[in-house]
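> Contents of input.cif (mmCIF, C-alpha atoms and all ligand atoms) are below:
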```
data_model
#
loop_
_atom_site.label_atom_id
_atom_site.label_comp_id
_atom_site.auth_asym_id
_atom_site.auth_seq_id
_atom_site.Cartn_x
_atom_site.Cartn_y
_atom_site.Cartn_z
CA MET A 139 -1.22 -16.80 -12.12
CA LYS A 140 -1.83 -19.99 -10.13
CA VAL A 141 -5.26 -19.14 -8.76
CA LEU A 142 -6.89 -21.85 -6.68
CA ALA A 143 -10.56 -22.21 -5.82
CA PRO A 144 -11.10 -22.41 -2.03
CA THR A 145 -11.77 -26.16 -1.90
CA ASN A 146 -10.84 -28.09 1.26
CA GLU A 147 -7.94 -29.67 -0.60
CA ASN A 148 -6.63 -26.28 -1.75
CA LEU A 149 -7.00 -24.74 1.72
CA ALA A 150 -4.89 -27.59 3.10
CA ARG A 151 -2.36 -26.98 0.33
CA ALA A 152 -2.26 -23.26 1.19
CA ALA A 153 -1.66 -24.04 4.88
CA GLU A 154 1.06 -26.56 3.94
CA THR A 155 2.74 -23.99 1.68
CA LEU A 156 2.75 -21.48 4.54
CA ARG A 157 4.14 -24.13 6.91
CA SER A 158 7.08 -24.74 4.59
CA GLY A 159 7.90 -21.02 4.49
CA GLY A 160 5.95 -20.15 1.35
CA VAL A 161 4.03 -16.99 0.45
CA VAL A 162 0.32 -17.25 -0.37
CA VAL A 163 -2.14 -14.58 -1.50
CA ILE A 164 -5.28 -15.05 0.62
CA PRO A 165 -8.67 -13.33 0.68
CA THR A 166 -9.86 -11.46 3.75
CA GLU A 167 -13.10 -9.51 4.20
CA THR A 168 -11.16 -6.22 3.80
CA VAL A 169 -8.63 -6.73 0.99
CA TYR A 170 -6.47 -9.61 -0.28
CA GLY A 171 -3.32 -10.22 1.76
CA LEU A 172 0.19 -11.46 0.91
CA ALA A 173 0.50 -14.08 3.64
CA CYS A 174 3.33 -15.94 5.33
CA ASP A 175 4.15 -17.63 8.66
CA ALA A 176 4.65 -14.69 11.03
CA THR A 177 7.17 -16.71 13.04
CA ASN A 178 9.38 -17.51 10.01
CA VAL A 179 11.85 -14.66 9.49
CA GLU A 180 12.91 -15.83 6.00
CA ALA A 181 9.30 -15.95 4.83
CA VAL A 182 8.65 -12.52 6.33
CA ARG A 183 11.66 -11.11 4.46
CA ARG A 184 10.29 -12.56 1.23
CA VAL A 185 6.94 -10.82 1.78
CA PHE A 186 8.69 -7.45 2.22
CA GLU A 187 10.69 -8.12 -0.94
CA ILE A 188 7.72 -9.17 -3.10
CA LYS A 189 5.69 -6.21 -1.92
CA GLY A 190 8.56 -3.79 -2.43
CA ARG A 191 7.89 -2.49 1.04
CA PRO A 192 10.62 -0.74 3.07
CA SER A 193 11.60 -2.94 6.02
CA SER A 194 10.71 -0.01 8.28
CA ASN A 195 6.97 -0.60 7.69
CA PRO A 196 5.46 -3.23 9.99
CA LEU A 197 3.06 -6.01 8.94
CA ILE A 198 -0.30 -6.98 10.46
CA VAL A 199 -0.38 -10.43 12.07
CA HIS A 200 -3.59 -12.41 11.53
CA VAL A 201 -4.73 -14.71 14.30
CA SER A 202 -7.37 -17.39 14.91
CA GLY A 203 -8.82 -15.58 17.92
CA GLU A 204 -8.06 -13.90 21.22
CA ALA A 205 -6.21 -16.94 22.63
CA GLN A 206 -3.67 -16.90 19.79
CA ALA A 207 -3.50 -13.10 19.98
CA THR A 208 -2.36 -13.27 23.59
CA THR A 209 0.55 -15.54 22.59
CA ALA A 210 1.71 -12.82 20.16
CA ALA A 211 1.28 -10.05 22.73
CA ARG A 212 3.45 -9.34 25.76
CA GLU A 213 0.56 -7.57 27.44
CA TRP A 214 -3.12 -7.86 26.71
CA PRO A 215 -4.97 -4.87 28.17
CA GLU A 216 -8.62 -5.03 29.26
CA ALA A 217 -9.45 -2.62 26.41
CA ALA A 218 -8.20 -5.26 23.94
CA SER A 219 -10.59 -7.87 25.32
CA ALA A 220 -13.47 -5.39 25.15
CA LEU A 221 -12.72 -4.52 21.51
CA VAL A 222 -12.28 -8.20 20.61
CA ARG A 223 -15.70 -8.99 22.06
CA ALA A 224 -17.27 -6.20 20.04
CA PHE A 225 -15.46 -6.46 16.70
CA TRP A 226 -13.62 -9.79 16.17
CA PRO A 227 -13.70 -11.49 13.84
CA GLY A 228 -13.68 -8.38 11.66
CA PRO A 229 -11.87 -5.36 10.25
CA LEU A 230 -10.22 -4.09 13.45
CA THR A 231 -6.46 -4.31 14.07
CA LEU A 232 -5.08 -3.80 17.59
CA VAL A 233 -1.52 -2.62 18.24
CA VAL A 234 -0.23 -4.05 21.53
CA PRO A 235 3.19 -4.79 23.10
CA ARG A 236 4.90 -7.57 21.07
CA SER A 237 5.88 -10.90 22.62
CA GLU A 238 9.06 -12.74 21.65
CA ASN A 239 6.95 -15.27 19.73
CA ILE A 240 6.75 -12.69 16.96
CA PRO A 241 10.15 -11.82 15.43
CA PRO A 242 11.07 -8.11 15.33
CA GLU A 243 11.25 -8.19 11.49
CA VAL A 244 7.43 -8.50 11.30
CA ALA A 245 7.05 -5.34 13.36
CA ALA A 246 9.85 -3.42 11.60
CA GLY A 247 11.82 -3.60 14.83
CA LEU A 248 9.06 -1.96 16.88
CA ASP A 249 8.30 -3.13 20.40
CA THR A 250 4.64 -3.60 19.39
CA VAL A 251 2.66 -5.89 17.09
CA ALA A 252 -0.54 -5.27 15.11
CA LEU A 253 -3.07 -8.12 15.47
CA ARG A 254 -6.35 -8.90 13.83
CA MET A 255 -8.73 -11.83 13.48
CA PRO A 256 -10.26 -11.71 9.98
CA SER A 257 -13.86 -12.82 9.42
CA HIS A 258 -13.47 -14.17 5.88
CA PRO A 259 -14.14 -17.93 6.04
CA VAL A 260 -11.21 -18.73 3.72
CA ALA A 261 -8.76 -16.69 5.79
CA ARG A 262 -10.08 -18.27 8.99
CA ALA A 263 -9.81 -21.77 7.57
CA ILE A 264 -6.21 -21.24 6.43
CA ILE A 265 -5.15 -19.68 9.75
CA GLY A 266 -6.84 -22.55 11.60
CA LEU A 267 -5.19 -25.26 9.50
CA ALA A 268 -1.78 -23.57 9.74
CA GLY A 269 -1.88 -23.33 13.54
CA PHE A 270 0.50 -20.35 13.64
CA PRO A 271 -0.17 -16.60 13.28
CA ILE A 272 0.03 -15.27 9.73
CA ALA A 273 1.67 -12.00 8.73
CA ALA A 274 0.01 -10.37 5.73
CA PRO A 275 0.18 -6.90 4.25
CA SER A 276 -2.32 -6.03 1.54
CA ALA A 277 -1.41 -7.89 -1.67
CA ASN A 278 -0.39 -4.85 -3.66
CA ARG A 279 2.97 -3.23 -4.30
CA PHE A 280 4.00 -0.49 -1.90
CA MET A 281 1.85 2.66 -2.44
CA GLN A 282 -0.50 1.04 -4.96
CA LEU A 283 -4.22 0.27 -4.68
CA SER A 284 -5.16 -2.71 -2.53
CA PRO A 285 -6.83 -5.61 -4.38
CA THR A 286 -10.41 -6.47 -3.45
CA ARG A 287 -10.72 -9.20 -6.13
CA VAL A 288 -8.16 -11.68 -7.48
CA GLU A 289 -8.40 -9.90 -10.85
CA HIS A 290 -6.88 -6.78 -9.22
CA ILE A 291 -3.70 -8.56 -8.16
CA ASP A 292 -0.65 -7.40 -10.10
CA PRO A 293 0.42 -10.41 -12.25
CA GLU A 294 4.09 -9.84 -11.39
CA LEU A 295 3.34 -9.86 -7.68
CA ALA A 296 1.17 -12.97 -8.07
CA ALA A 297 3.93 -14.70 -10.05
CA GLN A 298 6.33 -14.21 -7.14
CA ALA A 299 3.90 -15.75 -4.66
CA ASP A 300 3.69 -19.54 -4.41
CA LEU A 301 -0.12 -19.67 -4.54
CA VAL A 302 -3.13 -17.42 -4.90
CA VAL A 303 -6.41 -18.48 -3.26
CA ASP A 304 -9.58 -16.98 -4.71
CA GLY A 305 -12.18 -16.02 -2.11
CA GLY A 306 -14.39 -13.84 -4.30
CA PRO A 307 -14.87 -10.09 -3.86
CA CYS A 308 -13.93 -8.67 -0.44
CA GLU A 309 -17.11 -7.59 1.35
CA VAL A 310 -15.73 -4.70 3.41
CA GLY A 311 -13.49 -3.56 0.54
CA ILE A 312 -11.32 -1.18 2.57
CA GLU A 313 -8.52 -2.05 5.01
CA SER A 314 -9.02 -2.65 8.72
CA THR A 315 -9.13 0.15 11.26
CA VAL A 316 -5.85 0.24 13.22
CA VAL A 317 -6.04 1.24 16.90
CA ASP A 318 -2.91 1.60 19.00
CA LEU A 319 -3.57 0.33 22.54
CA SER A 320 0.12 0.55 23.45
CA SER A 321 -0.13 4.32 23.71
CA ASP A 322 -2.02 6.08 26.47
CA PRO A 323 -4.62 7.25 25.53
CA PRO A 324 -5.23 4.87 22.60
CA GLU A 325 -4.77 6.32 19.12
CA LEU A 326 -6.49 5.76 15.81
CA LEU A 327 -3.59 5.01 13.45
CA ARG A 328 -5.70 4.24 10.37
CA PRO A 329 -9.44 4.68 9.83
CA GLY A 330 -10.97 1.61 8.17
CA GLY A 331 -13.71 -0.98 8.18
CA VAL A 332 -14.86 -0.35 11.75
CA GLN A 333 -15.91 3.24 12.37
CA ARG A 334 -14.27 5.47 14.96
CA GLU A 335 -17.51 6.12 16.88
CA GLU A 336 -18.17 2.40 17.27
CA ILE A 337 -14.73 1.92 18.85
CA GLU A 338 -15.04 5.05 20.98
CA GLY A 339 -18.39 3.72 22.21
CA VAL A 340 -16.78 0.52 23.46
CA LEU A 341 -13.72 2.24 24.98
CA GLY A 342 -15.72 5.09 26.45
CA LEU A 343 -13.20 7.66 25.24
CA ARG A 344 -12.25 9.73 22.20
CA LEU A 345 -9.49 8.39 19.98
CA SER A 346 -6.86 10.89 19.02
CA MET A 347 -5.07 10.63 15.70
CA PRO A 348 -1.34 11.29 15.29
CA ASP A 349 -0.87 14.03 12.72
CA ASP A 350 0.69 13.34 9.37
CA GLY A 351 3.64 15.63 9.99
CA GLY A 352 4.94 13.52 12.87
CA PRO A 353 7.31 10.57 12.84
CA LYS A 354 6.20 7.62 10.72
CA ARG A 355 4.63 5.50 13.43
CA SER A 356 2.57 3.69 10.89
CA PRO A 357 3.07 3.10 7.17
CA GLY A 358 -0.63 3.63 6.47
CA MET A 359 0.08 7.17 7.57
CA HIS A 360 2.25 7.90 4.53
CA ARG A 361 0.81 10.90 2.78
CA ARG A 362 0.61 9.15 -0.61
CA HIS A 363 -0.81 5.64 -0.45
CA TYR A 364 -3.59 3.57 -1.97
CA ALA A 365 -2.97 5.32 -5.27
CA PRO A 366 -4.16 4.38 -8.76
CA ARG A 367 -1.77 5.01 -11.67
CA ALA A 368 -3.96 7.89 -12.84
CA LYS A 369 -3.83 11.21 -11.04
CA LEU A 370 -6.83 11.46 -8.73
CA ILE A 371 -8.59 14.80 -8.37
CA LEU A 372 -11.45 15.58 -5.99
CA VAL A 373 -14.21 17.73 -7.47
CA GLU A 374 -17.66 18.86 -6.43
CA ARG A 375 -19.42 17.52 -9.55
CA LEU A 376 -18.19 15.40 -12.45
CA GLU A 377 -18.56 16.94 -15.86
CA SER A 378 -19.62 14.81 -18.78
CA GLY A 379 -16.62 13.23 -20.48
CA GLN A 380 -14.58 13.11 -17.26
CA ALA A 381 -13.63 9.62 -16.09
CA GLY A 382 -14.43 9.16 -12.44
CA LEU A 383 -16.67 8.40 -9.50
CA ALA A 384 -20.02 10.18 -9.29
CA PHE A 385 -22.94 10.20 -6.89
CA GLY A 386 -25.39 11.20 -9.60
CA THR A 387 -26.32 9.45 -12.82
CA PRO A 388 -23.18 8.70 -14.88
CA SER A 389 -22.94 10.46 -18.23
CA GLY A 390 -20.83 7.74 -19.88
CA PRO A 391 -19.15 4.34 -19.47
CA ASP A 392 -16.06 5.80 -17.78
CA GLN A 393 -18.14 7.19 -14.92
CA VAL A 394 -19.06 4.93 -12.01
CA GLN A 395 -22.09 5.72 -9.91
CA MET A 396 -21.16 5.39 -6.24
CA PRO A 397 -23.42 4.57 -3.28
CA THR A 398 -24.46 7.41 -0.96
CA GLU A 399 -24.01 5.26 2.17
CA PRO A 400 -20.39 5.30 3.46
CA ARG A 401 -19.91 1.55 4.10
CA THR A 402 -21.36 0.60 0.75
CA TYR A 403 -19.24 3.30 -0.88
CA ALA A 404 -16.11 1.94 0.84
CA ALA A 405 -16.94 -1.58 -0.31
CA LYS A 406 -16.98 -0.39 -3.90
CA LEU A 407 -14.20 2.22 -3.85
CA PHE A 408 -11.08 0.19 -4.73
CA GLU A 409 -12.99 -1.91 -7.23
CA ALA A 410 -14.21 1.21 -9.03
CA LEU A 411 -10.73 2.76 -9.02
CA HIS A 412 -9.15 -0.48 -10.30
CA ARG A 413 -11.74 -0.67 -13.06
CA LEU A 414 -11.29 2.94 -14.19
CA ASP A 415 -7.52 2.79 -13.85
CA ALA A 416 -7.33 -0.26 -16.13
CA ALA A 417 -8.48 1.91 -19.05
CA GLY A 418 -5.39 4.09 -18.45
CA PRO A 419 -6.88 7.57 -18.03
CA ALA A 420 -4.49 10.39 -17.09
CA ILE A 421 -6.92 11.67 -14.47
CA ILE A 422 -9.67 10.08 -12.39
CA TYR A 423 -12.09 12.66 -10.99
CA VAL A 424 -13.90 11.85 -7.75
CA GLU A 425 -16.93 13.70 -6.44
CA ALA A 426 -16.14 14.68 -2.85
CA PRO A 427 -18.22 12.73 -0.32
CA PRO A 428 -20.01 14.44 2.59
CA GLU A 429 -17.78 15.93 5.29
CA ASP A 430 -19.18 13.68 7.97
CA PRO A 431 -17.37 11.42 10.49
CA ALA A 432 -19.06 8.34 8.98
CA TRP A 433 -17.00 9.03 5.82
CA GLU A 434 -13.63 9.24 7.65
CA ALA A 435 -12.13 6.05 6.17
CA VAL A 436 -13.27 6.91 2.65
CA TRP A 437 -11.88 10.45 3.02
CA ASP A 438 -8.58 9.05 4.28
CA ARG A 439 -8.14 6.80 1.21
CA LEU A 440 -9.23 9.51 -1.25
CA TYR A 441 -6.97 12.07 0.39
CA ARG A 442 -3.95 9.74 0.22
CA ALA A 443 -4.71 8.56 -3.31
CA SER A 444 -4.86 12.18 -4.46
CA ALA A 445 -1.59 13.19 -2.80
CA GLU A 446 1.29 14.24 -5.07
O1 LIG A 501 -7.37 -5.01 6.34
C1 LIG A 501 -6.17 -5.10 6.53
O2 LIG A 501 -5.63 -4.67 7.57
C2 LIG A 501 -5.32 -5.79 5.45
C3 LIG A 501 -5.71 -7.27 5.41
C4 LIG A 501 -4.81 -8.06 4.49
O3 LIG A 501 -5.73 -7.80 6.70
N1 LIG A 501 -3.94 -5.62 5.73
C5 LIG A 501 -3.29 -4.44 5.58
O4 LIG A 501 -1.94 -4.52 5.81
O5 LIG A 501 -3.84 -3.41 5.24
P1 LIG A 501 -0.90 -3.39 5.37
O6 LIG A 501 0.43 -4.00 5.60
O7 LIG A 501 -1.20 -2.93 4.00
O8 LIG A 501 -1.10 -2.24 6.40
C6 LIG A 501 -0.56 -2.46 7.69
C7 LIG A 501 -0.94 -1.33 8.60
C8 LIG A 501 -0.01 -0.19 8.50
O9 LIG A 501 -0.55 0.82 7.72
C9 LIG A 501 0.16 0.27 9.92
O10 LIG A 501 -0.76 1.32 10.11
C10 LIG A 501 -0.24 -0.85 10.76
O11 LIG A 501 -0.81 -1.81 9.93
N2 LIG A 501 0.78 -1.47 11.62
C11 LIG A 501 1.27 -2.74 11.55
N3 LIG A 501 2.07 -3.00 12.59
C12 LIG A 501 2.10 -1.90 13.35
C13 LIG A 501 2.73 -1.54 14.58
N4 LIG A 501 3.48 -2.40 15.26
N5 LIG A 501 2.53 -0.30 15.06
C14 LIG A 501 1.74 0.57 14.39
N6 LIG A 501 1.10 0.30 13.24
C15 LIG A 501 1.27 -0.91 12.72
MG MG A 502 -1.61 -1.75 2.34
#
```
Represent the structure of the file as C-alpha cells.
Ligand code: TXA
Ligand code: MG

Amino acid sequence: MKVLAPTNENLARAAETLRSGGVVVIPTETVYGLACDATNVEAVRRVFEIKGRPSSNPLIVHVSGEAQATTAAREWPEAASALVRAFWPGPLTLVVPRSENIPPEVAAGLDTVALRMPSHPVARAIIGLAGFPIAAPSANRFMQLSPTRVEHIDPELAAQADLVVDGGPCEVGIESTVVDLSSDPPELLRPGGVQREEIEGVLGLRLSMPDDGGPKRSPGMHRRHYAPRAKLILVERLESGQAGLAFGTPSGPDQVQMPTEPRTYAAKLFEALHRLDAAGPAIIYVEAPPEDPAWEAVWDRLYRASAE
C-alpha cells in the first residue's frame, strides 16, 4: 500500500494525480474516501469499478465551499445556504438539482447531485489544490464497513488506487448526514454526523424519512450495508466470552467498552467493529444503545450491519 504522509509535497502530488484522472484515497472527518475528479467521467467509472459499486448508486461530490457548490448545482435553494452557514465545513451532505458541470455518471443518472464540504484539513487542502469538485464514496467495497483509519482500508482496494493519503483517525467516525433539498418537504436520506434535530432547528421543519420498502432513492438506504464479515447480533447485555461491544466493563479482550454518549460512540463504532472483525469471530454481539433520537445514526448503522 503506497501510504503517504500529508506533507505539502504529498498533498500537491495527490492533487496532481487527481488532475490527471487518477484515484486517491483521502481522509475526511467522517470516513476515508475513494476520490477522483468529479468532472472526469473515466475517473468516475474507475471509482465505481474499484469500489465494486453498482452504477445505479450515486457518489457524493466534495467541494471547497458554497461558491463551488453552486457551480455543481442547477438551483441553490435558500435552505441550502442556511444549512451551509450552520454546518459547513462538516458532516452534512445536501442533495440539490444537478448542473451540467457534473456528469450524470457521478449521480447514477439522477437529476440531482449530493454535495458536501468536508472539514478535515487534508481533504480541504487537496480539494483546494485540485480546483475542481471531487467525487468520493467511502473507501470500502460495496456493503462493507467504512474505514476510519488507513489501517482499515482493504489492501486490494488500496492497491487499485494510485495513492493513499494518511490523515490519521477520522474524528466523526460515521458518514455524513444526507438531506434531500430537491424534494418538498426536504427528506433525511441518511442519518449521520450532524443530528436530525440540529438540521430541523435550522430549517424550522420536521424531516421525513423515506421508508426502506420504497424505491432505492439512495444507496445508503440499502437494508444491508456497513457490515463486518462477522454476523452482528443486537443484545441487551453481553455475556462473558461473547465478542462484542459493551457499555459496561468488558469481561475479556474481545469485548470493547463503548462510550455512553452518542457522538463519542459513533466516533468509535467502525473502529471497534474493524478491530473485532479482524480476529475473525463468527458473531459480534452489540449491546443495544438507548432508543433515543440522539442515537439515530448509530441505530441506523447497527440495524443495517445486522441485516441478513
Ligand atoms: O461522510 C461521507 O459522506 C463519506 C465521505 C467520504 O465524505 N462519503 C460517503 O459516500 O459516505 P458513499 O458513497 O459511501 O455514500 C453516498 C451516499 C449514499 O448513501 C446516498 O445516500 C447519497 O450519498 N447520495 C449521493 N448522491 C445522491 C443523490 N443524487 N440523491 C440521493 N442520495 C445521494
Ligand atoms: Mg459508503
> Pick out the residues sitting within 9 Å of Met255 (chain A), and hand them over as a compact mmCIF listing (two decimals) with C-alpha atoms, in the coordinates of the input; count all atoms listed in the file, and ignore anything fewer than 2 positions along from it in its own chain.

```
# COMPACT_ATOMS: atom_id res chain seq x y z
CA VAL A 199 -0.38 -10.43 12.07
CA HIS A 200 -3.59 -12.41 11.53
CA VAL A 201 -4.73 -14.71 14.30
CA SER A 202 -7.37 -17.39 14.91
CA GLY A 203 -8.82 -15.58 17.92
CA GLU A 204 -8.06 -13.90 21.22
CA ALA A 207 -3.50 -13.10 19.98
CA VAL A 222 -12.28 -8.20 20.61
CA TRP A 226 -13.62 -9.79 16.17
CA PRO A 227 -13.70 -11.49 13.84
CA GLY A 228 -13.68 -8.38 11.66
CA PRO A 229 -11.87 -5.36 10.25
CA LEU A 230 -10.22 -4.09 13.45
CA THR A 231 -6.46 -4.31 14.07
CA LEU A 253 -3.07 -8.12 15.47
CA SER A 257 -13.86 -12.82 9.42
CA ARG A 262 -10.08 -18.27 8.99
```
> Produce as a PDB file with C-alpha atoms, in the coordinates of the input the set of residues near ligand MG 502 (chain A), where near means within 7 Å with only C-alpha atoms and all ligand atoms considered.

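Contents of pocket00.pdb, as written:
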```pdb
ATOM      1  CA  PRO A 275       0.180  -6.900   4.250  1.00  0.00           C
ATOM      2  CA  SER A 276      -2.320  -6.030   1.540  1.00  0.00           C
ATOM      3  CA  ASN A 278      -0.390  -4.850  -3.660  1.00  0.00           C
ATOM      4  CA  SER A 284      -5.160  -2.710  -2.530  1.00  0.00           C
ATOM      5  CA  GLY A 358      -0.630   3.630   6.470  1.00  0.00           C
TER       6      GLY A 358
END
```
> For ligand LIG 501 (chain A), return the neighbouring residues as a compact mmCIF listing (two decimals) with C-alpha atoms, in the coordinates of the input (distance at most 6 Å; all atoms listed in the file).

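Written output follows (selection37.txt):
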```txt
# COMPACT_ATOMS: atom_id res chain seq x y z
CA THR A 168 -11.16 -6.22 3.80
CA VAL A 169 -8.63 -6.73 0.99
CA TYR A 170 -6.47 -9.61 -0.28
CA GLY A 171 -3.32 -10.22 1.76
CA PRO A 196 5.46 -3.23 9.99
CA LEU A 197 3.06 -6.01 8.94
CA ILE A 198 -0.30 -6.98 10.46
CA PRO A 229 -11.87 -5.36 10.25
CA VAL A 233 -1.52 -2.62 18.24
CA ALA A 245 7.05 -5.34 13.36
CA LEU A 248 9.06 -1.96 16.88
CA THR A 250 4.64 -3.60 19.39
CA VAL A 251 2.66 -5.89 17.09
CA ALA A 252 -0.54 -5.27 15.11
CA ALA A 274 0.01 -10.37 5.73
CA PRO A 275 0.18 -6.90 4.25
CA SER A 276 -2.32 -6.03 1.54
CA GLU A 313 -8.52 -2.05 5.01
CA SER A 314 -9.02 -2.65 8.72
CA LEU A 327 -3.59 5.01 13.45
CA ARG A 328 -5.70 4.24 10.37
CA ARG A 355 4.63 5.50 13.43
CA SER A 356 2.57 3.69 10.89
CA PRO A 357 3.07 3.10 7.17
CA GLY A 358 -0.63 3.63 6.47
```
> For the interface of region 200-239 of chain A with region 340-344 of chain A (cut-off 12 Å, counting all atoms listed in the file), please tabulate each contacting residue of region 200-239 of chain A alongside its nearest pair of atoms and their separation in Å to one decimal, rows sorted by chain and increasing number, as a tab-separated table.

```
residue	atom	partner	partner_atom	distance
A:Pro215	CA	A:Leu341	CA	11.7
A:Glu216	CA	A:Leu341	CA	9.9
A:Ala217	CA	A:Leu341	CA	6.6
A:Ala218	CA	A:Leu341	CA	9.4
A:Ser219	CA	A:Leu341	CA	10.6
A:Ala220	CA	A:Val340	CA	7.0
A:Leu221	CA	A:Val340	CA	6.8
A:Val222	CA	A:Val340	CA	10.2
A:Arg223	CA	A:Val340	CA	9.7
A:Ala224	CA	A:Val340	CA	7.6
A:Phe225	CA	A:Val340	CA	9.8
```
> Is there a way to get, as JSON, numbers by chain, all residues within 7 Å of the point (3.4, -10.5, -0.9) in file coordinates, counting only C-alpha atoms?
{"A": [161, 163, 172, 173, 185, 186, 188, 189, 277, 295, 299]}
> Kindly indicate which residue among A:Pro388, A:Pro366, A:Pro242, A:Pro397 lies nearest to Leu440 (chain A), using only C-alpha atoms for the distances.
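Result for the nearest residue to Leu440 (chain A): A:Pro366.
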> Counting all atoms listed in the file, which residue out of A:Gly159, A:Pro235, A:Pro419, A:Pro285 sits closest to Ser320 (chain A)?
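Checking each of A:Gly159, A:Pro235, A:Pro419, A:Pro285 against Ser320 (chain A), counting all atoms listed in the file, the winner is A:Pro235.
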> When you look at Gln395 (chain A) with a cut-off of 8 Å (counting all atoms listed in the file), what residues show up, excluding the ones that are within fewer than 3 positions of it in the same chain? I need them as a list in words.
Leu383, Ala384, Phe385, Gly386, Thr387 and Pro388 of chain A
> Just checking: using all atoms listed in the file, which residue out of A:Ala296, A:Ala150, A:Met347, A:Ala365 ends up closest to Ala268 (chain A)?
A:Ala150
> With all atoms listed in the file as the atoms that count, which of A:Val303, A:Ala205, A:Leu345, A:Ala416 lies nearest to Val316 (chain A)?
A:Leu345
